[in-house]
$ cat coords_31.cif   # mmCIF, C-alpha atoms
data_query
loop_
_atom_site.label_atom_id
_atom_site.label_comp_id
_atom_site.auth_asym_id
_atom_site.auth_seq_id
_atom_site.Cartn_x
_atom_site.Cartn_y
_atom_site.Cartn_z
CA MET A 208 -37.37 2.86 18.51
CA ASP A 209 -33.83 2.74 19.88
CA GLN A 210 -33.98 3.92 23.50
CA SER A 211 -30.25 3.51 24.16
CA LYS A 212 -28.47 6.47 25.63
CA PRO A 213 -26.12 8.33 23.26
CA ASP A 214 -22.47 7.48 23.93
CA PRO A 215 -19.58 9.80 22.96
CA SER A 216 -16.94 7.04 23.21
CA LYS A 217 -16.69 6.30 19.49
CA ILE A 218 -16.56 9.99 18.61
CA LEU A 219 -13.73 10.59 21.05
CA GLN A 220 -11.88 7.45 19.99
CA ILE A 221 -11.88 8.56 16.37
CA GLY A 222 -11.21 12.21 17.14
CA MET A 223 -8.22 11.48 19.36
CA GLY A 224 -7.08 8.48 17.35
CA PHE A 225 -3.91 10.27 16.29
CA PHE A 226 -2.54 9.73 19.81
CA ALA A 227 -2.36 5.97 19.32
CA SER A 228 -1.37 6.33 15.67
CA LYS A 229 1.65 8.47 16.48
CA VAL A 230 2.76 6.15 19.28
CA LEU A 231 2.89 3.27 16.78
CA LEU A 232 4.55 5.35 14.06
CA SER A 233 7.21 6.60 16.45
CA ALA A 234 7.82 3.05 17.67
CA VAL A 235 8.49 1.95 14.10
CA GLU A 236 10.69 4.99 13.48
CA LEU A 237 12.73 4.33 16.63
CA GLY A 238 13.11 0.60 15.93
CA VAL A 239 11.31 -0.63 19.06
CA PHE A 240 10.08 -3.90 17.54
CA GLU A 241 13.41 -4.73 15.96
CA THR A 242 15.20 -4.01 19.25
CA VAL A 243 13.12 -6.51 21.25
CA ALA A 244 13.06 -9.12 18.46
CA GLY A 245 15.70 -11.23 20.22
CA GLY A 246 13.66 -11.57 23.40
CA PRO A 247 12.26 -9.49 26.27
CA ILE A 248 14.38 -6.52 27.43
CA CYS A 249 14.12 -4.62 30.69
CA LEU A 250 12.92 -1.02 30.74
CA SER A 251 16.30 0.63 31.30
CA GLN A 252 18.04 -1.44 28.60
CA LEU A 253 15.32 -0.75 26.05
CA ARG A 254 15.32 2.94 26.88
CA ASP A 255 19.10 3.18 26.57
CA ARG A 256 19.31 1.21 23.34
CA LEU A 257 16.75 3.51 21.74
CA GLY A 258 18.32 6.68 23.17
CA LEU A 259 15.17 7.84 24.96
CA HIS A 260 14.87 10.26 27.89
CA GLU A 261 13.71 8.59 31.07
CA ARG A 262 10.77 10.97 31.55
CA GLY A 263 8.49 9.53 28.86
CA ALA A 264 9.97 6.11 28.21
CA ALA A 265 7.85 4.03 30.62
CA ASP A 266 4.65 5.72 29.47
CA PHE A 267 5.64 5.14 25.85
CA PHE A 268 6.40 1.44 26.28
CA ASP A 269 3.38 0.81 28.51
CA SER A 270 1.15 2.58 25.99
CA LEU A 271 2.36 0.08 23.41
CA VAL A 272 1.50 -2.70 25.88
CA ALA A 273 -1.99 -1.30 26.47
CA LEU A 274 -2.51 -0.99 22.70
CA GLY A 275 -1.58 -4.66 22.26
CA LEU A 276 1.62 -3.86 20.39
CA LEU A 277 4.15 -5.02 23.00
CA SER A 278 4.07 -7.75 25.62
CA ARG A 279 5.38 -7.16 29.14
CA GLU A 280 6.65 -9.48 31.84
CA GLY A 281 6.41 -8.04 35.35
CA ASP A 282 5.76 -4.50 36.54
CA GLY A 283 7.64 -1.33 37.35
CA THR A 284 11.38 -1.01 36.89
CA SER A 285 11.82 -4.78 36.65
CA ALA A 286 9.39 -5.07 33.71
CA ARG A 287 10.68 -6.73 30.54
CA TYR A 288 9.23 -5.85 27.14
CA GLY A 289 8.91 -8.04 24.06
CA ASN A 290 6.98 -8.36 20.82
CA THR A 291 3.49 -9.75 20.46
CA ALA A 292 2.84 -12.44 17.85
CA ASP A 293 1.55 -9.77 15.46
CA THR A 294 4.41 -7.31 15.88
CA ALA A 295 6.96 -10.13 15.58
CA ALA A 296 5.33 -11.19 12.29
CA PHE A 297 4.74 -7.78 10.75
CA LEU A 298 6.95 -5.13 12.36
CA VAL A 299 10.35 -6.81 12.60
CA PRO A 300 12.28 -5.96 9.40
CA ALA A 301 13.74 -9.45 9.08
CA SER A 302 10.25 -11.00 9.00
CA ALA A 303 8.87 -12.16 5.65
CA GLY A 304 5.59 -10.41 6.48
CA TYR A 305 7.16 -7.03 7.32
CA ILE A 306 4.82 -4.07 6.68
CA GLY A 307 6.78 -1.40 8.52
CA GLY A 308 7.70 0.33 5.27
CA ILE A 309 4.21 1.77 4.81
CA LEU A 310 4.23 2.94 8.43
CA LYS A 311 7.59 4.66 7.96
CA MET A 312 6.21 6.43 4.92
CA ALA A 313 3.08 7.35 6.86
CA ASN A 314 5.25 8.85 9.58
CA ASN A 315 7.67 10.66 7.26
CA ARG A 316 5.16 11.90 4.68
CA LEU A 317 1.47 11.25 5.13
CA TYR A 318 1.11 12.15 8.82
CA HIS A 319 2.18 15.72 8.08
CA PHE A 320 0.25 16.03 4.82
CA TRP A 321 -2.98 14.84 6.43
CA GLY A 322 -2.68 17.71 8.90
CA ASN A 323 -3.76 19.87 5.93
CA LEU A 324 -6.88 17.85 5.07
CA THR A 325 -9.16 20.82 5.80
CA GLU A 326 -7.24 22.93 3.29
CA ALA A 327 -7.43 20.13 0.72
CA LEU A 328 -11.19 19.88 1.20
CA ARG A 329 -11.61 23.64 0.77
CA THR A 330 -9.34 24.01 -2.25
CA GLY A 331 -9.43 20.59 -3.94
CA LEU A 332 -5.64 20.81 -4.18
CA PRO A 333 -3.05 18.20 -3.12
CA GLN A 334 -1.04 18.76 0.05
CA SER A 335 1.91 16.49 -0.77
CA GLU A 336 5.30 17.35 -2.32
CA ILE A 337 3.39 18.79 -5.27
CA LYS A 338 2.31 21.70 -3.09
CA GLN A 339 5.90 22.73 -2.40
CA SER A 340 7.10 22.21 -5.99
CA ASN A 341 4.09 23.91 -7.63
CA GLY A 342 4.09 21.03 -10.08
CA HIS A 343 1.45 18.72 -11.45
CA ASP A 344 3.31 15.39 -11.50
CA ALA A 345 2.27 13.42 -8.45
CA PHE A 346 5.48 11.38 -8.41
CA ALA A 347 8.23 13.61 -9.86
CA ALA A 348 9.35 14.81 -6.43
CA LEU A 349 9.67 11.21 -5.27
CA TYR A 350 11.69 10.20 -8.33
CA ASP A 351 14.09 13.10 -7.80
CA ASP A 352 15.07 11.74 -4.36
CA PRO A 353 16.48 8.17 -4.57
CA ARG A 354 16.20 7.64 -0.81
CA ARG A 355 12.58 8.72 -0.70
CA LEU A 356 11.77 6.74 -3.84
CA ALA A 357 13.23 3.56 -2.31
CA GLU A 358 11.24 4.18 0.89
CA PHE A 359 8.05 4.69 -1.14
CA LEU A 360 8.56 1.50 -3.17
CA ASP A 361 9.32 -0.55 -0.06
CA ALA A 362 6.18 0.86 1.55
CA MET A 363 4.00 -0.07 -1.41
CA ALA A 364 5.48 -3.57 -1.59
CA GLY A 365 4.91 -4.15 2.11
CA VAL A 366 1.32 -2.97 2.22
CA GLN A 367 0.40 -4.96 -0.90
CA ARG A 368 2.23 -8.18 0.00
CA GLY A 369 -0.85 -9.82 1.49
CA ASN A 370 -3.04 -8.75 -1.43
CA PHE A 371 -0.54 -10.13 -3.93
CA ALA A 372 -0.38 -13.45 -2.09
CA VAL A 373 -4.18 -13.84 -2.09
CA LEU A 374 -4.37 -12.85 -5.77
CA ALA A 375 -1.65 -15.38 -6.68
CA GLU A 376 -3.62 -18.13 -4.93
CA THR A 377 -7.12 -17.15 -6.07
CA PHE A 378 -6.87 -16.12 -9.72
CA GLU A 379 -6.23 -18.89 -12.26
CA PHE A 380 -2.89 -17.66 -13.53
CA ASP A 381 -1.95 -21.19 -14.63
CA ARG A 382 -4.25 -20.68 -17.62
CA PHE A 383 -1.83 -18.05 -18.96
CA THR A 384 1.85 -17.78 -19.85
CA LYS A 385 2.57 -14.03 -19.86
CA ILE A 386 1.51 -11.19 -17.56
CA CYS A 387 2.44 -7.52 -17.48
CA ASP A 388 2.28 -5.57 -14.22
CA VAL A 389 1.72 -1.95 -15.20
CA GLY A 390 3.26 0.45 -12.72
CA GLY A 391 5.16 -2.55 -11.38
CA ALA A 392 7.21 -0.51 -8.89
CA SER A 393 9.81 -2.76 -7.21
CA GLY A 394 8.50 -5.86 -8.98
CA ALA A 395 6.77 -7.26 -5.89
CA LEU A 396 3.68 -8.56 -7.71
CA SER A 397 5.68 -10.12 -10.52
CA ILE A 398 7.92 -11.82 -7.94
CA ALA A 399 4.92 -13.16 -6.02
CA LEU A 400 3.28 -14.52 -9.19
CA ALA A 401 6.47 -16.03 -10.59
CA LYS A 402 7.17 -17.85 -7.32
CA ARG A 403 3.65 -19.27 -7.16
CA HIS A 404 3.22 -20.08 -10.87
CA PRO A 405 6.37 -21.55 -12.46
CA SER A 406 4.97 -21.36 -16.00
CA LEU A 407 4.49 -17.57 -15.95
CA GLN A 408 6.72 -15.08 -17.70
CA CYS A 409 6.31 -11.62 -16.17
CA ILE A 410 6.96 -8.02 -17.19
CA SER A 411 7.27 -5.35 -14.53
CA TYR A 412 6.61 -2.10 -16.39
CA ASP A 413 7.43 1.32 -14.93
CA LEU A 414 9.52 4.47 -15.36
CA PRO A 415 13.33 4.11 -15.73
CA ALA A 416 14.16 5.32 -12.20
CA VAL A 417 11.87 2.64 -10.81
CA THR A 418 12.88 -0.25 -13.06
CA GLU A 419 16.52 0.16 -12.01
CA LEU A 420 15.47 -0.64 -8.44
CA ALA A 421 13.13 -3.41 -9.61
CA ARG A 422 15.91 -5.18 -11.50
CA GLN A 423 17.89 -5.51 -8.29
CA LYS A 424 14.89 -6.88 -6.37
CA ILE A 425 14.23 -9.37 -9.17
CA LEU A 426 17.89 -10.41 -9.20
CA ASP A 427 17.88 -10.85 -5.42
CA ALA A 428 14.82 -13.10 -5.77
CA GLY A 429 16.64 -15.27 -8.32
CA LEU A 430 13.96 -14.66 -10.95
CA SER A 431 15.77 -12.66 -13.65
CA ASP A 432 15.14 -15.48 -16.14
CA ARG A 433 11.37 -15.17 -15.75
CA ILE A 434 10.75 -11.52 -14.90
CA THR A 435 11.83 -8.62 -17.10
CA ALA A 436 11.79 -5.05 -15.81
CA VAL A 437 10.80 -2.89 -18.78
CA SER A 438 11.08 0.90 -18.75
CA GLY A 439 8.36 3.06 -20.22
CA ASN A 440 5.71 5.68 -19.55
CA PHE A 441 2.29 4.02 -19.44
CA LEU A 442 0.60 7.36 -20.11
CA ALA A 443 2.60 8.08 -23.27
CA ASP A 444 4.09 4.86 -24.62
CA GLY A 445 1.21 2.40 -24.50
CA LEU A 446 1.39 -0.96 -22.75
CA PRO A 447 3.34 -4.16 -23.49
CA HIS A 448 1.19 -6.96 -24.89
CA ALA A 449 0.36 -9.75 -22.46
CA GLU A 450 -2.42 -12.22 -21.68
CA VAL A 451 -3.06 -10.63 -18.27
CA ILE A 452 -2.42 -7.01 -17.37
CA THR A 453 -2.34 -6.08 -13.69
CA MET A 454 -2.49 -2.61 -12.13
CA GLY A 455 -1.87 -2.44 -8.39
CA ASN A 456 -2.98 0.91 -6.93
CA ILE A 457 -2.55 2.60 -10.31
CA LEU A 458 -6.02 3.65 -11.47
CA HIS A 459 -6.79 5.53 -8.24
CA ASP A 460 -3.84 7.89 -8.83
CA TRP A 461 -5.62 9.57 -11.74
CA GLY A 462 -8.78 11.41 -12.77
CA THR A 463 -11.53 9.85 -14.84
CA SER A 464 -10.08 10.65 -18.27
CA THR A 465 -6.74 9.00 -17.43
CA LYS A 466 -8.45 6.05 -15.73
CA THR A 467 -10.45 5.36 -18.88
CA LEU A 468 -7.36 5.88 -21.09
CA LEU A 469 -5.43 3.27 -19.12
CA ILE A 470 -8.35 0.82 -19.30
CA GLU A 471 -8.65 1.39 -23.06
CA ASN A 472 -4.90 0.87 -23.49
CA ALA A 473 -5.12 -2.35 -21.49
CA TYR A 474 -7.94 -3.53 -23.75
CA GLY A 475 -5.77 -2.87 -26.80
CA ALA A 476 -2.79 -4.76 -25.35
CA LEU A 477 -4.78 -7.89 -24.42
CA PRO A 478 -5.79 -10.82 -26.65
CA PHE A 479 -9.34 -12.13 -26.73
CA GLY A 480 -9.84 -14.03 -23.48
CA GLY A 481 -7.27 -11.90 -21.68
CA ALA A 482 -7.90 -10.09 -18.42
CA LEU A 483 -7.23 -6.74 -16.78
CA ILE A 484 -6.87 -6.98 -12.99
CA ALA A 485 -7.00 -3.82 -10.87
CA ILE A 486 -5.90 -4.26 -7.25
CA GLU A 487 -7.38 -1.40 -5.24
CA ASN A 488 -9.44 -0.49 -2.18
CA VAL A 489 -12.59 -0.68 -4.30
CA ILE A 490 -15.42 1.21 -2.60
CA ASP A 491 -18.74 -0.58 -2.11
CA ASP A 492 -21.38 0.62 -4.57
CA ALA A 493 -23.57 2.09 -1.81
CA ARG A 494 -20.53 3.99 -0.42
CA ARG A 495 -21.44 3.04 3.16
CA ALA A 496 -19.29 0.09 4.22
CA ASN A 497 -15.70 0.25 2.94
CA SER A 498 -14.31 3.03 5.09
CA GLY A 499 -10.80 1.98 4.05
CA GLY A 500 -11.60 2.68 0.41
CA LEU A 501 -13.22 6.01 1.19
CA LEU A 502 -10.30 7.10 3.37
CA MET A 503 -7.87 6.04 0.67
CA SER A 504 -9.80 8.19 -1.78
CA LEU A 505 -9.25 11.13 0.58
CA ASN A 506 -5.58 10.19 0.59
CA MET A 507 -5.61 10.60 -3.18
CA LEU A 508 -7.00 14.10 -2.62
CA ILE A 509 -4.01 14.74 -0.34
CA GLU A 510 -1.48 13.13 -2.69
CA THR A 511 -2.56 13.87 -6.27
CA PRO A 512 -4.11 16.60 -8.45
CA ASP A 513 -7.16 14.56 -9.52
CA GLY A 514 -6.95 10.97 -8.27
CA TYR A 515 -9.72 9.16 -6.39
CA ASP A 516 -10.82 5.64 -5.48
CA TYR A 517 -13.90 4.20 -7.12
CA THR A 518 -16.73 1.72 -6.82
CA PHE A 519 -16.99 -1.57 -8.66
CA ALA A 520 -19.98 -0.16 -10.56
CA GLN A 521 -17.74 2.62 -11.89
CA PHE A 522 -15.04 0.12 -12.85
CA ASP A 523 -17.64 -2.01 -14.65
CA ASP A 524 -18.95 1.02 -16.55
CA TRP A 525 -15.47 2.14 -17.68
CA CYS A 526 -14.49 -1.38 -18.75
CA CYS A 527 -17.71 -2.08 -20.64
CA SER A 528 -17.34 1.24 -22.45
CA ALA A 529 -13.80 0.21 -23.46
CA GLY A 530 -15.13 -3.02 -24.98
CA PHE A 531 -14.54 -5.60 -22.26
CA ARG A 532 -17.20 -8.30 -22.32
CA SER A 533 -17.61 -8.91 -18.57
CA THR A 534 -16.31 -7.94 -15.14
CA GLN A 535 -16.08 -9.54 -11.72
CA SER A 536 -14.44 -8.90 -8.36
CA PHE A 537 -13.31 -10.79 -5.29
CA PRO A 538 -11.94 -9.63 -1.93
CA LEU A 539 -8.25 -9.67 -1.10
CA THR A 540 -7.10 -8.49 2.34
CA GLY A 541 -8.57 -5.71 4.47
CA ALA A 542 -10.30 -3.10 2.33
CA ALA A 543 -8.75 -4.29 -0.94
CA SER A 544 -10.31 -6.18 -3.83
CA ALA A 545 -9.33 -7.46 -7.25
CA ALA A 546 -11.53 -5.92 -9.94
CA ILE A 547 -11.28 -7.99 -13.13
CA ALA A 548 -12.34 -7.20 -16.70
CA TRP A 549 -12.42 -9.93 -19.37
CA LYS A 550 -11.84 -9.21 -23.05
#
$ encode --input "coords_31.cif" --output "structure tokens"
Amino acid sequence: MDQSKPDPSKILQIGMGFFASKVLLSAVELGVFETVAGGPICLSQLRDRLGLHERGAADFFDSLVALGLLSREGDGTSARYGNTADTAAFLVPASAGYIGGILKMANNRLYHFWGNLTEALRTGLPQSEIKQSNGHDAFAALYDDPRRLAEFLDAMAGVQRGNFAVLAETFEFDRFTKICDVGGASGALSIALAKRHPSLQCISYDLPAVTELARQKILDAGLSDRITAVSGNFLADGLPHAEVITMGNILHDWGTSTKTLLIENAYGALPFGGALIAIENVIDDARRANSGGLLMSLNMLIETPDGYDYTFAQFDDWCCSAGFRSTQSFPLTGAASAAIAWK
């Protein structure tokens, strides 16, 4: 029997976790990490460059130090602040590993929506832009605002960059010549695969407002000869034929009937020996370990009318029912996995 004394520390850390979260989100919003990217800056210079009042500035910067998000040389008014290795790699916009886009979106959208989680749990209704528009399209409000759409796409590309890199290295794409990324957003996955596998021809498939932005990203990457941004509605128009069909954070946006429809459509668009790859925060079958997947499923409650994240056992059941002959999975980064179905 465990005789250890109960400890409230973890409860309090989780319950008050929004303190630290908002400090980080505000730092990204204000441009703290970009401002110190050139080297350590003294307190007064950093405060002035960011336009902060002197009352809270030292506490703000030193909180970032205590959280391991800034380094500091010296103490008091002579202190100089700089990036850590992690913030230099991931929170400076010029860095190839930049993930600040998802944090900006979290600050501008999700932080406020999650304040209504209790209401979402009581009503089963989304608390995102859909709530204000009284609509049922989870993404129409985003598409109507080009600035917000660009922010959303940059956020998705940033948070998935590591997953796409691992997938490009781990899955045997060299066996194939043509892939289609369904819901391809800004084309980030197609770009990652085309750079890693020179023999691949890629289709990034999404709605017209999105493919316009994707074409520019593909052009900027110098890959217009190998990646085509194709416009279409994957719920109404079917899917382009390809040897591999990928879906990055697509299935979890929808309820069961639409999930199974998309899987069935993928089956129909693939040749024998082809593969469907879903990149998601797949929940462990026992629903005990992958807190990231479970929290993301709650985010789908916040964001969408009927979306949810799922276990690999559920994915296997849906794919086998659609006719796929076998399934497998392997981990990517963090809470994410690649769930694969073979035709």
$ resolve_selection --input "coords_31.cif" --expression "the PyMOL selection byres ((chain A and resi 444) around 12)" --output "VMD selection string"
chain A and resid 389 412 to 414 437 to 443 445 to 447 469 472 476
$ resolve_selection --input "coords_31.cif" --expression "the PyMOL selection byres ((chain A and resi 544) around 9)" --output "number ranges by chain"
A: 370, 485-489, 536-543, 545-546
$ atom_distance --input "coords_31.cif" --atom1 "CA of Arg262 (chain A)" --atom2 "CA of Gly283 (chain A)"
14.0 Å
$ resolve_selection --input "coords_31.cif" --expression "the PyMOL selection byres ((chain A and resi 358) around 12)" --output "PyMOL selection string"
chain A and resi 306-316+349-350+352-357+359-365+392-393+417+420
$ atom_distance --input "coords_31.cif" --atom1 "CA of Arg494 (chain A)" --atom2 "CA of Gln220 (chain A)"
22.4 Å
$ atom_distance --input "coords_31.cif" --atom1 "CA of Leu426 (chain A)" --atom2 "CA of Ala375 (chain A)"
20.3 Å
$ closest_residue --input "coords_31.cif" --among "A:Phe297, A:Tyr474, A:Phe225, A:Tyr288" --to "Trp525 (chain A)" --atoms "all atoms listed in the file"
A:Tyr474
$ closest_residue --input "coords_31.cif" --among "A:Thr325, A:Asn506, A:Thr467, A:Ser228" --to "Asp524 (chain A)" --atoms "only C-alpha atoms"
A:Thr467
$ closest_residue --input "coords_31.cif" --among "A:Ala292, A:Gly429, A:Pro405, A:Gln334" --to "Trp321 (chain A)" --atoms "all atoms listed in the file"
A:Gln334
$ residues_around --input "coords_31.cif" --residues "Lys424 (chain A)" --least-positions-apart "5" --cutoff "10 Å" --atoms "only C-alpha atoms" --output "ChimeraX atom specification"
/A:393-395,398,418-419,429-431
$ closest_residue --input "coords_31.cif" --among "A:Ile484, A:Leu271, A:Ile218, A:Leu277" --to "Phe371 (chain A)" --atoms "only C-alpha atoms"
A:Ile484
$ closest_residue --input "coords_31.cif" --among "A:Arg433, A:Arg495, A:Lys385, A:His319" --to "Pro478 (chain A)" --atoms "all atoms listed in the file"
A:Lys385
$ decode --input "coords_31.cif" --residues "region 449-474 of chain A" --atoms "N, CA and C atoms" --output "short mmCIF file (atom, residue, chain, number, x, y, z; two decimals), in the first residue's frame"
data_model
loop_
_atom_site.label_atom_id
_atom_site.label_comp_id
_atom_site.auth_asym_id
_atom_site.auth_seq_id
_atom_site.Cartn_x
_atom_site.Cartn_y
_atom_site.Cartn_z
N ALA A 449 -4.16 8.89 -56.67
CA ALA A 449 -2.73 8.91 -56.35
C ALA A 449 -2.37 7.58 -55.72
N GLU A 450 -1.06 7.30 -55.64
CA GLU A 450 -0.60 6.05 -55.03
C GLU A 450 -0.60 6.13 -53.49
N VAL A 451 -0.42 7.33 -52.97
CA VAL A 451 -0.49 7.57 -51.53
C VAL A 451 -1.36 8.79 -51.31
N ILE A 452 -2.30 8.67 -50.39
CA ILE A 452 -3.15 9.80 -50.01
C ILE A 452 -2.86 10.12 -48.55
N THR A 453 -2.51 11.36 -48.28
CA THR A 453 -2.23 11.79 -46.91
C THR A 453 -3.32 12.74 -46.44
N MET A 454 -3.59 12.70 -45.14
CA MET A 454 -4.56 13.60 -44.50
C MET A 454 -3.96 14.04 -43.17
N GLY A 455 -3.48 15.26 -43.11
CA GLY A 455 -2.88 15.79 -41.89
C GLY A 455 -3.88 16.59 -41.08
N ASN A 456 -4.28 16.07 -39.93
CA ASN A 456 -5.28 16.71 -39.07
C ASN A 456 -6.56 17.05 -39.84
N ILE A 457 -7.03 16.08 -40.61
CA ILE A 457 -8.27 16.23 -41.37
C ILE A 457 -9.39 15.41 -40.75
N LEU A 458 -9.15 14.12 -40.52
CA LEU A 458 -10.22 13.25 -40.03
C LEU A 458 -10.79 13.75 -38.70
N HIS A 459 -9.96 14.31 -37.83
CA HIS A 459 -10.46 14.69 -36.51
C HIS A 459 -11.40 15.90 -36.55
N ASP A 460 -11.48 16.58 -37.69
CA ASP A 460 -12.38 17.73 -37.80
C ASP A 460 -13.85 17.32 -37.91
N TRP A 461 -14.12 16.03 -38.14
CA TRP A 461 -15.46 15.61 -38.54
C TRP A 461 -16.00 14.51 -37.65
N GLY A 462 -17.33 14.32 -37.72
CA GLY A 462 -17.99 13.24 -37.02
C GLY A 462 -17.76 11.91 -37.72
N THR A 463 -18.28 10.85 -37.13
CA THR A 463 -17.98 9.50 -37.62
C THR A 463 -18.41 9.29 -39.06
N SER A 464 -19.59 9.76 -39.44
CA SER A 464 -20.08 9.52 -40.80
C SER A 464 -19.17 10.16 -41.84
N THR A 465 -18.67 11.36 -41.56
CA THR A 465 -17.77 12.03 -42.51
C THR A 465 -16.39 11.40 -42.47
N LYS A 466 -15.91 11.01 -41.30
CA LYS A 466 -14.64 10.28 -41.22
C LYS A 466 -14.68 9.04 -42.13
N THR A 467 -15.72 8.26 -42.00
CA THR A 467 -15.80 7.02 -42.79
C THR A 467 -15.98 7.33 -44.27
N LEU A 468 -16.70 8.41 -44.61
CA LEU A 468 -16.84 8.80 -46.02
C LEU A 468 -15.48 9.15 -46.61
N LEU A 469 -14.68 9.92 -45.88
CA LEU A 469 -13.36 10.30 -46.39
C LEU A 469 -12.46 9.08 -46.56
N ILE A 470 -12.53 8.15 -45.62
CA ILE A 470 -11.73 6.92 -45.72
C ILE A 470 -12.19 6.09 -46.93
N GLU A 471 -13.49 5.99 -47.12
CA GLU A 471 -14.02 5.26 -48.28
C GLU A 471 -13.61 5.93 -49.59
N ASN A 472 -13.65 7.26 -49.62
CA ASN A 472 -13.24 7.98 -50.83
C ASN A 472 -11.75 7.79 -51.10
N ALA A 473 -10.95 7.75 -50.03
CA ALA A 473 -9.52 7.49 -50.21
C ALA A 473 -9.30 6.09 -50.79
N TYR A 474 -10.04 5.12 -50.28
CA TYR A 474 -9.94 3.75 -50.80
C TYR A 474 -10.22 3.73 -52.30
#
